[in-house]
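Heads up, my_file.pdb below (PDB, C-alpha atoms):
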```pdb
ATOM      1  CA  MET F  74      15.172  27.148  -5.010
ATOM      2  CA  THR F  75      12.878  30.128  -5.410
ATOM      3  CA  LYS F  76       9.105  29.825  -5.276
ATOM      4  CA  ALA F  77       8.829  30.465  -9.014
ATOM      5  CA  GLU F  78      11.421  27.764  -9.771
ATOM      6  CA  PHE F  79       9.644  25.319  -7.482
ATOM      7  CA  LEU F  80       6.241  25.948  -9.062
ATOM      8  CA  CYS F  81       7.650  25.518 -12.550
ATOM      9  CA  LEU F  82       9.272  22.217 -11.638
ATOM     10  CA  PHE F  83       6.187  21.124  -9.736
ATOM     11  CA  ALA F  84       3.933  21.746 -12.740
ATOM     12  CA  GLN F  85       6.341  19.912 -15.034
ATOM     13  CA  ILE F  86       6.538  16.809 -12.829
ATOM     14  CA  PHE F  87       2.818  16.677 -12.080
ATOM     15  CA  ARG F  88       1.854  17.047 -15.744
ATOM     16  CA  GLN F  89       4.405  14.415 -16.730
ATOM     17  CA  ASN F  90       2.770  11.965 -14.315
ATOM     18  CA  GLY F  91      -0.890  12.681 -15.110
ATOM     19  CA  LEU F  92      -1.563  14.673 -11.933
ATOM     20  CA  ASP F  93      -2.757  17.850 -13.659
ATOM     21  CA  ALA F  94      -5.915  17.896 -11.520
ATOM     22  CA  TYR F  95      -3.829  18.879  -8.477
ATOM     23  CA  LEU F  96      -1.754  21.723  -9.940
ATOM     24  CA  ASP F  97      -3.635  24.241  -7.771
ATOM     25  CA  ALA F  98      -1.934  22.690  -4.736
ATOM     26  CA  GLY F  99       1.496  23.958  -5.846
ATOM     27  CA  GLU F 100       1.761  27.083  -3.698
ATOM     28  CA  THR F 101       0.712  25.314  -0.509
ATOM     29  CA  LEU F 102       3.059  22.415  -1.261
ATOM     30  CA  PHE F 103       5.872  24.943  -1.680
ATOM     31  CA  ALA F 104       5.071  26.282   1.790
ATOM     32  CA  LEU F 105       5.031  22.700   3.106
ATOM     33  CA  THR F 106       8.450  22.085   1.540
ATOM     34  CA  GLU F 107       9.954  25.151   3.202
ATOM     35  CA  ARG F 108       8.490  24.164   6.555
ATOM     36  CA  MET F 109       9.518  20.492   6.284
ATOM     37  CA  LEU F 110      13.116  21.222   5.279
ATOM     38  CA  GLU F 111      13.477  23.807   8.042
ATOM     39  CA  VAL F 112      12.217  21.408  10.727
ATOM     40  CA  ASN F 113      14.169  18.534   9.171
ATOM     41  CA  GLU F 114      17.426  20.172  10.243
ATOM     42  CA  HIS F 115      16.754  19.168  13.840
ATOM     43  CA  LEU F 116      13.971  16.555  13.723
ATOM     44  CA  ASN F 117      15.066  14.111  10.984
ATOM     45  CA  LEU F 118      11.752  13.938   9.136
ATOM     46  CA  THR F 119      13.072  12.779   5.767
ATOM     47  CA  ALA F 120      16.246  11.849   3.913
ATOM     48  CA  ILE F 121      14.750  13.337   0.736
ATOM     49  CA  VAL F 122      15.720  17.010   0.684
ATOM     50  CA  GLU F 123      16.239  18.036  -2.960
ATOM     51  CA  PRO F 124      13.104  19.921  -4.105
ATOM     52  CA  GLU F 125      12.658  17.859  -7.281
ATOM     53  CA  ALA F 126      12.931  14.634  -5.297
ATOM     54  CA  VAL F 127      10.477  15.981  -2.700
ATOM     55  CA  ILE F 128       7.971  16.783  -5.458
ATOM     56  CA  LEU F 129       8.254  13.348  -7.055
ATOM     57  CA  ARG F 130       8.850  11.034  -4.110
ATOM     58  CA  HIS F 131       6.676  12.719  -1.501
ATOM     59  CA  TYR F 132       4.016  14.797  -3.267
ATOM     60  CA  ALA F 133       3.354  12.954  -6.531
ATOM     61  CA  ASP F 134       3.694   9.624  -4.728
ATOM     62  CA  SER F 135       1.145  10.677  -2.102
ATOM     63  CA  LEU F 136      -1.341  12.083  -4.590
ATOM     64  CA  ILE F 137      -1.593   9.009  -6.803
ATOM     65  CA  LEU F 138      -4.054   7.948  -4.078
ATOM     66  CA  ALA F 139      -6.256  11.011  -4.530
ATOM     67  CA  PRO F 140      -8.392   9.725  -7.453
ATOM     68  CA  MET F 141      -9.133   6.513  -5.519
ATOM     69  CA  ILE F 142     -10.690   8.264  -2.522
ATOM     70  CA  PRO F 143     -14.421   9.126  -2.634
ATOM     71  CA  GLN F 144     -15.637  12.703  -2.350
ATOM     72  CA  GLY F 145     -15.970  13.884   1.242
ATOM     73  CA  ALA F 146     -14.394  10.739   2.697
ATOM     74  CA  ARG F 147     -13.099  10.454   6.226
ATOM     75  CA  VAL F 148      -9.531   9.114   5.917
ATOM     76  CA  ALA F 149      -7.180   7.608   8.520
ATOM     77  CA  ASP F 150      -3.486   7.615   7.602
ATOM     78  CA  ILE F 151      -1.797   4.989   9.759
ATOM     79  CA  GLY F 152       1.867   5.471  10.666
ATOM     80  CA  SER F 153       1.890   8.881   9.009
ATOM     81  CA  GLY F 154       5.446   9.776  10.046
ATOM     82  CA  ALA F 155       6.327  13.106   8.459
ATOM     83  CA  GLY F 156       2.778  13.418   7.097
ATOM     84  CA  PHE F 157       2.778  11.365   3.917
ATOM     85  CA  PRO F 158       0.379  10.844   2.270
ATOM     86  CA  ALA F 159      -1.857  12.687   4.758
ATOM     87  CA  LEU F 160      -0.629  16.284   4.386
ATOM     88  CA  PRO F 161      -0.528  16.363   0.551
ATOM     89  CA  LEU F 162      -3.978  14.741   0.452
ATOM     90  CA  ALA F 163      -5.362  17.355   2.852
ATOM     91  CA  ILE F 164      -3.879  20.116   0.677
ATOM     92  CA  ALA F 165      -4.974  18.767  -2.722
ATOM     93  CA  ARG F 166      -8.360  17.414  -1.573
ATOM     94  CA  PRO F 167      -9.945  19.940   0.829
ATOM     95  CA  ASP F 168     -13.174  17.902   0.694
ATOM     96  CA  LEU F 169     -11.498  15.094   2.671
ATOM     97  CA  ARG F 170     -11.260  14.824   6.462
ATOM     98  CA  LEU F 171      -7.784  13.511   7.276
ATOM     99  CA  THR F 172      -6.670  11.958  10.562
ATOM    100  CA  ALA F 173      -2.941  11.203  10.723
ATOM    101  CA  ILE F 174      -2.034   8.600  13.344
ATOM    102  CA  ASP F 175       1.541   8.095  14.543
ATOM    103  CA  GLY F 176       3.170   6.835  17.724
ATOM    104  CA  THR F 177       5.914   9.507  17.829
ATOM    105  CA  GLY F 178       4.864  12.657  19.640
ATOM    106  CA  LYS F 179       7.472  14.929  18.031
ATOM    107  CA  ARG F 180       6.278  14.040  14.548
ATOM    108  CA  VAL F 181       2.639  14.500  15.506
ATOM    109  CA  ARG F 182       3.427  17.945  16.920
ATOM    110  CA  TYR F 183       5.222  18.804  13.684
ATOM    111  CA  MET F 184       2.201  17.695  11.618
ATOM    112  CA  THR F 185      -0.255  19.558  13.850
ATOM    113  CA  GLU F 186       1.740  22.804  13.806
ATOM    114  CA  THR F 187       2.349  22.508  10.059
ATOM    115  CA  ALA F 188      -1.350  22.004   9.321
ATOM    116  CA  GLN F 189      -2.142  25.092  11.392
ATOM    117  CA  LEU F 190       0.505  27.159   9.580
ATOM    118  CA  LEU F 191      -0.878  26.039   6.212
ATOM    119  CA  GLY F 192      -4.489  26.699   7.237
ATOM    120  CA  LEU F 193      -5.613  23.093   6.843
ATOM    121  CA  SER F 194      -8.893  22.858   8.740
ATOM    122  CA  ASN F 195      -9.501  19.328   7.404
ATOM    123  CA  PHE F 196      -6.449  17.769   9.089
ATOM    124  CA  THR F 197      -5.961  16.258  12.551
ATOM    125  CA  ALA F 198      -2.940  14.399  13.917
ATOM    126  CA  LEU F 199      -3.005  12.032  16.897
ATOM    127  CA  THR F 200      -0.192  10.537  18.971
ATOM    128  CA  LEU F 201      -1.440   6.981  19.158
ATOM    129  CA  ARG F 202      -0.336   3.427  18.606
ATOM    130  CA  ALA F 203      -2.185   2.079  15.595
ATOM    131  CA  GLU F 204      -3.564  -0.957  17.419
ATOM    132  CA  ASP F 205      -4.906   1.226  20.246
ATOM    133  CA  GLY F 206      -6.811   3.410  17.801
ATOM    134  CA  GLY F 207      -8.197   0.318  16.093
ATOM    135  CA  ARG F 208      -9.736  -0.748  19.406
ATOM    136  CA  ASP F 209     -11.093   2.707  20.280
ATOM    137  CA  SER F 210     -14.860   2.890  19.735
ATOM    138  CA  THR F 211     -14.570   6.474  18.439
ATOM    139  CA  MET F 212     -12.342   5.323  15.574
ATOM    140  CA  ARG F 213     -13.013   1.634  15.021
ATOM    141  CA  GLY F 214     -15.092   1.181  11.874
ATOM    142  CA  LYS F 215     -15.577   4.929  11.483
ATOM    143  CA  PHE F 216     -13.421   5.728   8.429
ATOM    144  CA  ASP F 217     -14.293   5.507   4.749
ATOM    145  CA  VAL F 218     -10.641   4.916   3.876
ATOM    146  CA  ALA F 219      -7.475   3.890   5.703
ATOM    147  CA  THR F 220      -4.106   4.518   4.079
ATOM    148  CA  ALA F 221      -0.555   3.436   4.937
ATOM    149  CA  ARG F 222       2.745   4.131   3.212
ATOM    150  CA  ALA F 223       5.870   2.056   3.889
ATOM    151  CA  VAL F 224       4.845   1.115   7.435
ATOM    152  CA  ALA F 225       5.035  -2.696   7.707
ATOM    153  CA  ALA F 226       4.568  -5.965   5.826
ATOM    154  CA  LEU F 227       1.022  -6.372   4.512
ATOM    155  CA  PRO F 228      -0.132  -9.124   6.942
ATOM    156  CA  ILE F 229       0.804  -6.847   9.865
ATOM    157  CA  LEU F 230      -0.483  -3.727   8.147
ATOM    158  CA  SER F 231      -3.863  -5.310   7.443
ATOM    159  CA  GLU F 232      -4.446  -5.994  11.143
ATOM    160  CA  LEU F 233      -3.437  -2.449  12.041
ATOM    161  CA  CYS F 234      -5.511  -0.708   9.348
ATOM    162  CA  LEU F 235      -8.652  -2.700   8.523
ATOM    163  CA  PRO F 236     -10.251  -2.230  11.973
ATOM    164  CA  TYR F 237     -10.504   1.518  11.258
ATOM    165  CA  VAL F 238     -12.461   1.018   8.034
ATOM    166  CA  LYS F 239     -16.248   0.911   7.949
ATOM    167  CA  VAL F 240     -17.998  -1.856   6.023
ATOM    168  CA  GLY F 241     -18.015  -0.830   2.373
ATOM    169  CA  GLY F 242     -14.897   1.308   2.813
ATOM    170  CA  LEU F 243     -11.361   0.891   1.491
ATOM    171  CA  PHE F 244      -7.927   0.077   2.821
ATOM    172  CA  LEU F 245      -5.238   1.481   0.487
ATOM    173  CA  ALA F 246      -1.727   0.131   1.092
ATOM    174  CA  MET F 247       1.144   1.809  -0.749
ATOM    175  CA  LYS F 248       3.707  -0.828  -1.638
ATOM    176  CA  SER F 249       6.747  -1.424  -3.853
ATOM    177  CA  ARG F 250       7.422  -4.012  -6.531
ATOM    178  CA  GLU F 251       7.072  -6.904  -4.061
ATOM    179  CA  ALA F 252       3.360  -6.180  -3.569
ATOM    180  CA  GLU F 253       2.119  -9.387  -5.210
ATOM    181  CA  GLU F 254       4.252 -11.552  -2.909
ATOM    182  CA  GLU F 255       3.040  -9.623   0.129
ATOM    183  CA  LEU F 256      -0.556 -10.013  -0.988
ATOM    184  CA  VAL F 257      -0.215 -13.805  -1.162
ATOM    185  CA  SER F 258       1.102 -13.916   2.409
ATOM    186  CA  ALA F 259      -1.621 -11.505   3.607
ATOM    187  CA  SER F 260      -4.626 -13.180   1.962
ATOM    188  CA  ARG F 261      -5.741 -15.051   5.078
ATOM    189  CA  ALA F 262      -5.296 -11.986   7.302
ATOM    190  CA  ILE F 263      -7.301  -9.760   4.953
ATOM    191  CA  HIS F 264     -10.275 -12.128   4.901
ATOM    192  CA  THR F 265     -10.110 -12.822   8.648
ATOM    193  CA  LEU F 266     -10.224  -9.078   9.336
ATOM    194  CA  GLY F 267     -13.272  -8.445   7.139
ATOM    195  CA  GLY F 268     -11.562  -7.592   3.863
ATOM    196  CA  GLY F 269     -12.821  -8.978   0.584
ATOM    197  CA  ASP F 270     -12.304  -7.728  -2.950
ATOM    198  CA  VAL F 271      -8.644  -6.887  -3.609
ATOM    199  CA  THR F 272      -7.188  -5.032  -6.585
ATOM    200  CA  LEU F 273      -3.620  -4.082  -7.457
ATOM    201  CA  GLY F 274      -2.596  -1.065  -9.488
ATOM    202  CA  THR F 275       1.005  -0.224 -10.377
ATOM    203  CA  CYS F 276       2.315   3.069 -11.693
ATOM    204  CA  THR F 277       5.758   4.450 -12.439
ATOM    205  CA  LEU F 278       6.466   8.051 -11.506
ATOM    206  CA  THR F 279       9.209   9.826 -13.436
ATOM    207  CA  ALA F 280      10.925  13.192 -13.629
ATOM    208  CA  SER F 281      13.573  14.318 -16.068
ATOM    209  CA  CYS F 282      15.673  15.643 -13.188
ATOM    210  CA  GLU F 283      15.439  12.359 -11.232
ATOM    211  CA  PRO F 284      17.754   9.504 -12.332
ATOM    212  CA  GLU F 285      15.572   6.720 -10.948
ATOM    213  CA  PRO F 286      11.808   6.309 -11.550
ATOM    214  CA  LEU F 287       9.583   5.449  -8.617
ATOM    215  CA  THR F 288       7.474   2.329  -9.040
ATOM    216  CA  ARG F 289       4.494   2.199  -6.704
ATOM    217  CA  THR F 290       1.848  -0.486  -6.320
ATOM    218  CA  ILE F 291      -1.412   0.333  -4.560
ATOM    219  CA  ILE F 292      -3.185  -2.606  -2.944
ATOM    220  CA  SER F 293      -6.859  -1.724  -2.571
ATOM    221  CA  VAL F 294      -8.936  -3.844  -0.171
ATOM    222  CA  ARG F 295     -12.706  -3.430   0.098
ATOM    223  CA  LYS F 296     -14.079  -3.990   3.627
ATOM    224  CA  LEU F 297     -16.987  -6.457   3.349
ATOM    225  CA  SER F 298     -17.701  -7.328   6.984
ATOM    226  CA  PRO F 299     -16.867  -6.015  10.464
ATOM    227  CA  THR F 300     -13.484  -6.898  11.917
ATOM    228  CA  PRO F 301     -13.888  -9.545  14.678
ATOM    229  CA  ALA F 302     -13.746  -8.081  18.179
ATOM    230  CA  GLN F 303     -10.433  -9.756  19.116
ATOM    231  CA  TYR F 304      -8.536  -7.749  16.483
ATOM    232  CA  PRO F 305      -6.292  -5.849  16.417
ATOM    233  CA  ARG F 306      -4.124  -7.633  18.950
ATOM    234  CA  ASP F 307      -1.250  -5.989  20.817
ATOM    235  CA  TYR F 308       1.563  -5.130  18.428
ATOM    236  CA  GLY F 309       3.944  -7.650  20.005
ATOM    237  CA  ALA F 310       1.499 -10.439  19.268
ATOM    238  CA  ILE F 311       0.869  -9.181  15.718
ATOM    239  CA  LYS F 312       4.587  -9.051  14.970
ATOM    240  CA  LYS F 313       5.331 -12.392  16.595
ATOM    241  CA  LYS F 314       2.658 -14.273  14.662
ATOM    242  CA  SER F 315       0.746 -12.516  11.904
ATOM    243  CA  LEU F 316      -2.614 -13.884  10.818
TER     244      LEU F 316
END
```

When written as structure tokens, how does the structure in this file appear?
Amino acid sequence: MTKAEFLCLFAQIFRQNGLDAYLDAGETLFALTERMLEVNEHLNLTAIVEPEAVILRHYADSLILAPMIPQGARVADIGSGAGFPALPLAIARPDLRLTAIDGTGKRVRYMTETAQLLGLSNFTALTLRAEDGGRDSTMRGKFDVATARAVAALPILSELCLPYVKVGGLFLAMKSREAEEELVSASRAIHTLGGGDVTLGTCTLTASCEPEPLTRTIISVRKLSPTPAQYPRDYGAIKKKSL
């Protein structure tokens, strides 16, 4: 697909899904697509390789978070993988300061090199286990927002993410249709870890060239009190018995 074809399709899909505010990101997202698909040939970053699917299922999906994040926020993306939602957010919201955290060194190197190639001065990637970062005094309680996309069940995810968030900040979990069931099972964990007010918002992303719509539910948790010092636990303990 040529750059002109990509930008035309990108504009169509973003307008169709109410993301007109981020149309200026198109050229940089095209460059990201070229880079990702090139590296994907030997690194296995994503199974989504058709440009229209990339636009809908990676870029539009990532940027539905953008209106929920305050101006100038410091954001931690936990389990960032191939850089979603962190890289699209850094591109579309240059006011944000993004830190992508992932335990796989090869993916972190890919994100770091990609951010440099794209000129993203507001993006940092760290090779780090999520629970280790949540115990690190330089990161614990230092972020306005923590995000996570398709990383783990919500009770586990809450213990991994909420320690990063400062009191008054937000934890934004990107979930599928089963979000309400997950929220019921995570209620105790959220409150134990300092979370309070919880809201759910569901949207359906569509594209005329994509046969299946993407339904995404965002669980938004407001941090009301500091996370107790004993959390997060080691991942083995979290997985064995969630809060």

>> Measuring between all atoms listed in the file, which one of F:Pro299, F:Leu136, F:Thr177, F:Thr197 shows the shortest distance to Asn90 (chain F)?
In response: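 Closest residue, counting all atoms listed in the file: F:Leu136.
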
> Using all atoms listed in the file, which of F:Asp150, F:Glu232, F:Asp134, F:Glu255 sits nearest Asp217 (chain F)?
Replying inline: F:Asp150

>> Would you pick out the contacts of Phe83 (chain F) at 8 Å or less, using all atoms listed in the file, so that residues sharing its chain but fewer than 2 positions from it are not included, and give the list as a VMD selection string?
In response: chain F and resid 79 to 81 85 to 87 96 99 125 128

>> Counting only C-alpha atoms, which residue out of F:Ser231, F:Thr290, F:Ser249, F:Ser281 sits closest to Ile311 (chain F)?
In response: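 Between F:Ser231, F:Thr290, F:Ser249, F:Ser281, the residue approaching Ile311 (chain F) most closely is F:Ser231.
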
Which residues, named as in the file, does the PyMOL selection byres ((chain F and resi 259-265) around 7) pick out? Answer as a PDB file with C-alpha atoms, in the coordinates of the input.
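And here's out-v3.pdb as it stands now:
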```pdb
ATOM      1  CA  LEU F 227       1.022  -6.372   4.512  1.00  0.00           C
ATOM      2  CA  PRO F 228      -0.132  -9.124   6.942  1.00  0.00           C
ATOM      3  CA  SER F 231      -3.863  -5.310   7.443  1.00  0.00           C
ATOM      4  CA  GLU F 255       3.040  -9.623   0.129  1.00  0.00           C
ATOM      5  CA  LEU F 256      -0.556 -10.013  -0.988  1.00  0.00           C
ATOM      6  CA  VAL F 257      -0.215 -13.805  -1.162  1.00  0.00           C
ATOM      7  CA  SER F 258       1.102 -13.916   2.409  1.00  0.00           C
ATOM      8  CA  LEU F 266     -10.224  -9.078   9.336  1.00  0.00           C
ATOM      9  CA  GLY F 267     -13.272  -8.445   7.139  1.00  0.00           C
ATOM     10  CA  GLY F 268     -11.562  -7.592   3.863  1.00  0.00           C
ATOM     11  CA  GLY F 269     -12.821  -8.978   0.584  1.00  0.00           C
ATOM     12  CA  LEU F 316      -2.614 -13.884  10.818  1.00  0.00           C
TER      13      LEU F 316
END
```

>> To test your reading of the syntax: which residues would the PyMOL selection byres ((chain F and resi 139) around 12) return for the file shown? Reply as a PyMOL selection string.
In response: chain F and resi 91-95+132-138+140-146+148+158-169+218+220+245+291

> Where does the PyMOL selection byres ((chain F and resi 184) around 8) land in this file, that is, which residues does it pick, as a count of residues only?
Replying inline: 12
